[in-house]
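Chemist: Compact mmCIF, C-alpha atoms, file run-v5.txt:
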```
# COMPACT_ATOMS: atom_id res chain seq x y z
CA MET A 21 0.00 0.00 0.00
CA THR A 22 1.43 3.37 -1.07
CA THR A 23 0.34 6.43 0.87
CA GLN A 24 0.97 10.13 0.45
CA SER A 25 0.47 13.14 2.69
CA LEU A 26 -2.35 15.50 1.75
CA ALA A 27 -3.85 18.65 3.30
CA LEU A 28 -7.62 18.32 3.72
CA PHE A 29 -10.53 20.73 3.28
CA PRO A 30 -13.55 19.35 5.18
CA LEU A 31 -16.98 20.25 3.78
CA PRO A 32 -20.57 19.09 4.31
CA SER A 33 -20.74 18.41 0.54
CA HIS A 34 -18.45 16.45 -1.74
CA ILE A 35 -16.78 16.41 -5.14
CA LEU A 36 -15.80 13.35 -7.18
CA PRO A 37 -13.30 12.85 -10.01
CA GLY A 38 -14.28 15.02 -12.97
CA GLY A 39 -16.46 17.21 -10.77
CA LYS A 40 -15.99 20.95 -10.34
CA LEU A 41 -16.65 22.96 -7.23
CA PRO A 42 -16.38 26.68 -6.47
CA LEU A 43 -14.99 27.43 -2.99
CA ARG A 44 -14.78 30.61 -0.93
CA LEU A 45 -11.57 30.92 1.09
CA PHE A 46 -11.39 33.24 4.06
CA GLU A 47 -9.46 31.57 6.89
CA PRO A 48 -5.66 31.91 7.12
CA ARG A 49 -5.32 28.11 7.22
CA HIS A 50 -7.17 27.86 3.90
CA MET A 51 -4.76 30.36 2.35
CA ALA A 52 -1.78 28.40 3.71
CA MET A 53 -3.25 25.18 2.32
CA LEU A 54 -3.81 26.82 -1.08
CA LYS A 55 -0.26 28.18 -1.22
CA GLU A 56 1.13 24.76 -0.31
CA SER A 57 -0.98 23.07 -3.00
CA PHE A 58 0.61 25.33 -5.63
CA LEU A 59 4.16 24.92 -4.31
CA ASN A 60 4.20 21.15 -4.48
CA ASP A 61 1.61 20.81 -7.29
CA ARG A 62 -0.10 18.11 -5.22
CA GLY A 63 -3.42 19.88 -4.78
CA PHE A 64 -5.39 19.11 -1.63
CA GLY A 65 -8.16 16.79 -0.53
CA ILE A 66 -11.86 17.54 -0.17
CA VAL A 67 -13.45 15.35 2.48
CA MET A 68 -16.98 15.08 3.84
CA GLU A 69 -17.58 16.05 7.41
CA ASP A 70 -20.30 14.31 9.40
CA SER A 71 -21.43 17.36 11.40
CA THR A 72 -22.87 16.90 14.83
CA THR A 73 -26.41 17.99 15.64
CA SER A 74 -25.04 20.97 17.60
CA GLY A 75 -23.59 22.38 14.37
CA GLN A 76 -19.97 21.90 15.45
CA SER A 77 -17.35 20.25 13.30
CA GLY A 78 -17.81 16.54 13.09
CA ARG A 79 -15.97 13.42 12.18
CA ILE A 80 -14.04 13.36 8.89
CA LEU A 81 -15.33 10.51 6.71
CA PRO A 82 -12.69 8.18 5.25
CA VAL A 83 -13.13 8.57 1.47
CA GLY A 84 -12.27 11.89 -0.15
CA THR A 85 -11.14 13.32 -3.48
CA ARG A 86 -7.85 15.00 -4.36
CA VAL A 87 -8.48 18.24 -6.24
CA LYS A 88 -6.48 20.90 -8.04
CA VAL A 89 -7.31 24.55 -8.59
CA THR A 90 -8.42 25.42 -12.13
CA ASP A 91 -9.36 29.06 -11.54
CA PHE A 92 -9.19 31.77 -8.88
CA TYR A 93 -10.91 35.15 -8.64
CA THR A 94 -11.94 37.88 -6.23
CA LEU A 95 -15.51 37.59 -4.98
CA ASN A 96 -17.90 40.54 -4.56
CA ASP A 97 -17.16 40.61 -0.82
CA GLY A 98 -13.40 40.90 -1.52
CA LEU A 99 -12.63 37.32 -0.49
CA LEU A 100 -10.80 34.80 -2.63
CA GLY A 101 -12.85 32.38 -4.71
CA ILE A 102 -11.38 29.32 -6.38
CA THR A 103 -12.74 26.58 -8.60
CA VAL A 104 -11.35 23.08 -8.17
CA ILE A 105 -11.65 19.92 -10.24
CA GLY A 106 -11.73 16.44 -8.74
CA LEU A 107 -8.80 14.23 -9.77
CA GLU A 108 -8.89 10.96 -7.83
CA ARG A 109 -10.53 9.37 -4.82
CA PHE A 110 -8.53 8.40 -1.75
CA CYS A 111 -8.96 6.64 1.57
CA ILE A 112 -7.64 8.22 4.77
CA HIS A 113 -5.31 6.05 6.86
CA HIS A 114 -4.05 8.54 9.43
CA LEU A 115 -5.40 12.00 10.29
CA THR A 116 -3.74 14.87 12.21
CA THR A 117 -4.17 18.62 12.64
CA ASP A 118 -1.08 20.84 12.38
CA ASP A 119 -0.20 24.05 14.26
CA GLN A 120 -2.05 26.19 11.69
CA GLY A 121 -5.23 24.17 12.11
CA ILE A 122 -4.85 22.41 8.76
CA LYS A 123 -6.09 18.84 8.78
CA ARG A 124 -3.59 16.50 7.16
CA ALA A 125 -3.82 12.84 6.31
CA GLN A 126 -1.83 9.93 5.02
CA VAL A 127 -4.02 8.77 2.14
CA GLU A 128 -4.11 5.81 -0.21
CA VAL A 129 -5.22 6.58 -3.76
CA LEU A 130 -8.26 4.60 -4.89
CA PRO A 131 -8.92 3.77 -8.54
CA ASN A 132 -11.43 6.07 -10.23
CA TRP A 133 -14.68 4.52 -11.37
CA PRO A 134 -14.22 3.02 -14.83
CA GLN A 135 -15.98 4.78 -17.67
CA LEU A 136 -19.14 2.97 -18.67
CA SER A 137 -20.81 3.65 -22.00
CA SER A 138 -24.52 4.18 -21.62
CA ASP A 139 -26.69 1.57 -23.32
CA GLY A 140 -29.77 3.79 -23.30
CA SER A 141 -31.11 2.45 -19.99
CA ASP A 142 -29.88 5.61 -18.25
CA ASP A 143 -31.60 8.07 -20.59
CA LEU A 144 -33.91 9.31 -17.83
CA LEU A 145 -30.93 10.03 -15.53
CA VAL A 146 -29.34 11.99 -18.38
CA GLU A 147 -32.52 13.93 -19.17
CA ARG A 148 -33.07 14.90 -15.53
CA LEU A 149 -29.42 15.95 -15.18
CA LYS A 150 -29.77 18.12 -18.31
CA GLU A 151 -32.81 19.74 -16.67
CA VAL A 152 -30.76 20.51 -13.55
CA PHE A 153 -28.05 22.14 -15.67
CA GLU A 154 -30.71 24.20 -17.49
CA GLN A 155 -32.25 25.36 -14.20
CA TYR A 156 -28.90 26.34 -12.66
CA PRO A 157 -26.77 28.29 -15.20
CA GLU A 158 -23.91 28.74 -12.69
CA LEU A 159 -23.67 24.94 -12.46
CA ASP A 160 -23.97 24.54 -16.23
CA GLU A 161 -21.07 26.99 -16.73
CA LEU A 162 -18.78 24.76 -14.63
CA TYR A 163 -19.17 21.98 -17.22
CA PRO A 164 -18.69 23.33 -20.75
CA GLU A 165 -18.04 19.73 -21.84
CA LYS A 166 -20.43 17.18 -20.40
CA SER A 167 -19.94 13.40 -20.62
CA TYR A 168 -23.55 12.32 -20.97
CA ASN A 169 -22.46 9.11 -22.70
CA ASP A 170 -20.50 7.96 -19.60
CA THR A 171 -22.71 6.42 -16.91
CA ALA A 172 -19.97 6.79 -14.27
CA TRP A 173 -19.75 10.56 -14.98
CA ILE A 174 -23.53 10.90 -14.77
CA CYS A 175 -23.69 9.04 -11.43
CA GLN A 176 -20.86 11.09 -9.97
CA ARG A 177 -22.54 14.39 -10.86
CA TRP A 178 -25.81 13.18 -9.30
CA LEU A 179 -24.04 12.15 -6.09
CA GLU A 180 -22.45 15.59 -5.85
CA LEU A 181 -25.80 17.34 -6.32
CA LEU A 182 -28.24 15.25 -4.31
CA PRO A 183 -29.01 16.21 -0.73
CA MET A 184 -28.74 12.95 1.17
CA PRO A 185 -27.35 11.70 4.49
CA VAL A 186 -23.54 11.91 4.41
CA GLN A 187 -23.12 8.30 5.58
CA GLU A 188 -25.30 7.05 2.71
CA LYS A 189 -23.46 9.23 0.20
CA GLN A 190 -20.10 8.11 1.58
CA GLY A 191 -21.14 4.46 1.18
CA LEU A 192 -21.89 4.95 -2.52
CA ILE A 193 -18.76 7.04 -3.14
CA ALA A 194 -16.55 4.33 -1.59
CA LYS A 195 -17.66 1.63 -4.08
CA HIS A 196 -15.26 0.34 -6.75
CA ASN A 197 -17.57 1.31 -9.62
CA SER A 198 -20.75 3.24 -10.38
CA GLU A 199 -23.20 0.32 -10.45
CA GLU A 200 -24.60 0.68 -6.93
CA ALA A 201 -24.96 4.45 -7.38
CA ARG A 202 -26.67 3.84 -10.71
CA LEU A 203 -29.21 1.46 -9.16
CA PHE A 204 -29.83 3.90 -6.29
CA LEU A 205 -30.39 6.78 -8.73
CA HIS A 206 -32.80 4.73 -10.83
CA LYS A 207 -34.91 3.98 -7.75
CA LEU A 208 -34.84 7.64 -6.76
CA ILE A 209 -35.44 9.29 -10.13
CA THR A 210 -37.42 6.77 -12.18
CA PRO A 211 -41.19 7.34 -11.78
```
Please render this file's structure as structure tokens.
Modeler:
Amino acid sequence: MTTQSLALFPLPSHILPGGKLPLRLFEPRHMAMLKESFLNDRGFGIVMEDSTTSGQSGRILPVGTRVKVTDFYTLNDGLLGITVIGLERFCIHHLTTDDQGIKRAQVEVLPNWPQLSSDGSDDLLVERLKEVFEQYPELDELYPEKSYNDTAWICQRWLELLPMPVQEKQGLIAKHNSEEARLFLHKLITP
């Protein structure tokens, strides 16, 4: 097993390989993490946080995605905005917090879900996803090139978008391929 060290950015949402996510950075530790990600060209990890009912930070879930910055800009409030793209999934083996408050982990890279050509049975998932992109232009702009012919890509975008319990989402994200997510989405979306 080969592991690497990665700075982590815990969020209540998630991104998967091929996904894009705009982030707003305002804490000094986030700036330090961003600078480090550029210096070593390693990027950083986005991980899901299972928040407690009191609204405090919760437990970091074990499967995350390494991302790299594709764009940065100044937001209307003067803060730094960045857009990241998901590169590869990983599993956390050891987690620490450094002196700056940056969470760091030894992670093992997991294989990305294999591409899966759609055989037409996922047409409804594709149509509903197209409707989501039409309803939310800011989301549509993140994906100038969409892979509607790849079932794995479709499932990953749905998992990023759907509001669902983090433990359930984490279970689907951790699978070796998109089949279980595909079956789940069919039950959810098919009338």
Chemist: Skipping near chain neighbours, those fewer than 6 positions away, what residues fall within 12 Å of Gly121 in chain A using only C-alpha atoms, listed as a PyMOL selection string?
Modeler: chain A and resi 27-30+47-53
Chemist: Could you please determine the separation between CA of Asp170 in chain A and CA of Ser33 in chain A in Å, to one decimal place?
Modeler: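 About the pair CA of Asp170 in chain A and CA of Ser33 in chain A: they are 22.7 Å apart.
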Chemist: Pick out the closest residue to Gln126 in chain A from this set: A:Val83, A:Leu159, A:Ile174, A:Val186. Count only C-alpha atoms.
Modeler: A:Val83
Chemist: For a quick check of understanding, using all atoms listed in the file, which of A:Asp160, A:Glu180, A:Asp143, A:Asp70 has the smallest distance to Thr85 in chain A?
Modeler: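 Closest to Thr85 in chain A of all the choices is A:Glu180.
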Chemist: Find the residues around Ile80 in chain A up to 9 Å (all atoms listed in the file counted), leave out those fewer than 6 positions away in its own chain, and share them as a list in words.
Modeler: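 Everything that qualifies: Pro30, Val67, Met68, Glu69, Asp70, Ser71 and Leu115 of chain A.
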Chemist: Give me, as an NGL selection string, all polymer residues having an atom no more than 8 Å from Val129 in chain A, counting only C-alpha atoms and skipping those fewer than 3 positions away in the same chain.
Modeler: :A and (22-23 or 108-111)
Chemist: Within 8 Å of range 188-200 of chain A, counting all atoms listed in the file, which residues show up once you throw out same-chain ones fewer than 6 positions away? Write them as a list in words, please.
Modeler: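 Residues meeting the cut-off are Met68, Leu81, Val83, Pro131, Asn132, Trp133, Pro134, Thr171, Ala172, Cys175, Gln176 and Leu179 of chain A.
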Chemist: For Phe46 in chain A, which residue among A:Val89, A:Leu100, A:Leu203, A:Leu162 is the nearest when counting only C-alpha atoms?
Modeler: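 That would be A:Leu100, the residue with the smallest distance to Phe46 in chain A.
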Chemist: So how many Å separate CA of Thr90 in chain A and CA of Trp178 in chain A, to one decimal?
Modeler: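 Separation between CA of Thr90 in chain A and CA of Trp178 in chain A: 21.5 Å.
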Chemist: Determine the nearest neighbour of Pro82 in chain A from the options A:Gly106, A:Gly39, A:Pro211, A:Gly65, counting only C-alpha atoms.
Modeler: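 With only C-alpha atoms as the atom set, the closest residue is A:Gly65.
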Chemist: So, counting all atoms listed in the file, which residue among A:Arg44, A:Leu26, A:Thr210, A:Asn60 is closest to Tyr93 in chain A?
Modeler: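 Answer, going by the shortest atom-to-atom distance: A:Arg44.
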Chemist: What does the distance between CA of Leu59 in chain A and CA of Lys88 in chain A come to in Å, to one decimal place?
Modeler: 12.0 Å
Chemist: Distance cut-off 12 Å, centre (-28.4, 4.8, -22.4) in file coordinates, counting all atoms listed in the file: which residues qualify? Return them as a list of chain:residue names.
Modeler: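 I get A:Leu136, A:Ser137, A:Ser138, A:Asp139, A:Gly140, A:Ser141, A:Asp142, A:Asp143, A:Leu144, A:Leu145, A:Val146, A:Glu147, A:Tyr168, A:Asn169, A:Asp170, A:Thr171, A:Ala172, A:Ile174, A:Arg202 for the residues within 12 Å of that point.
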Chemist: Between A:Leu149, A:Met184, A:Val104, A:Ile209, single out the one closest to Leu54 in chain A, counting all atoms listed in the file.
Modeler: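 Among the listed residues, A:Val104 lies closest to Leu54 in chain A.
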Chemist: Give me the box for range 106-121 of chain A as JSON, namely the centre and edge lengths in Å to one decimal of a box along x, y and z that holds every listed atom plus 6 Å on each side.
Modeler:
```
{"center_x": -6.0, "center_y": 16.1, "center_z": 2.2, "size_x": 23.5, "size_y": 32.1, "size_z": 36.0}
```
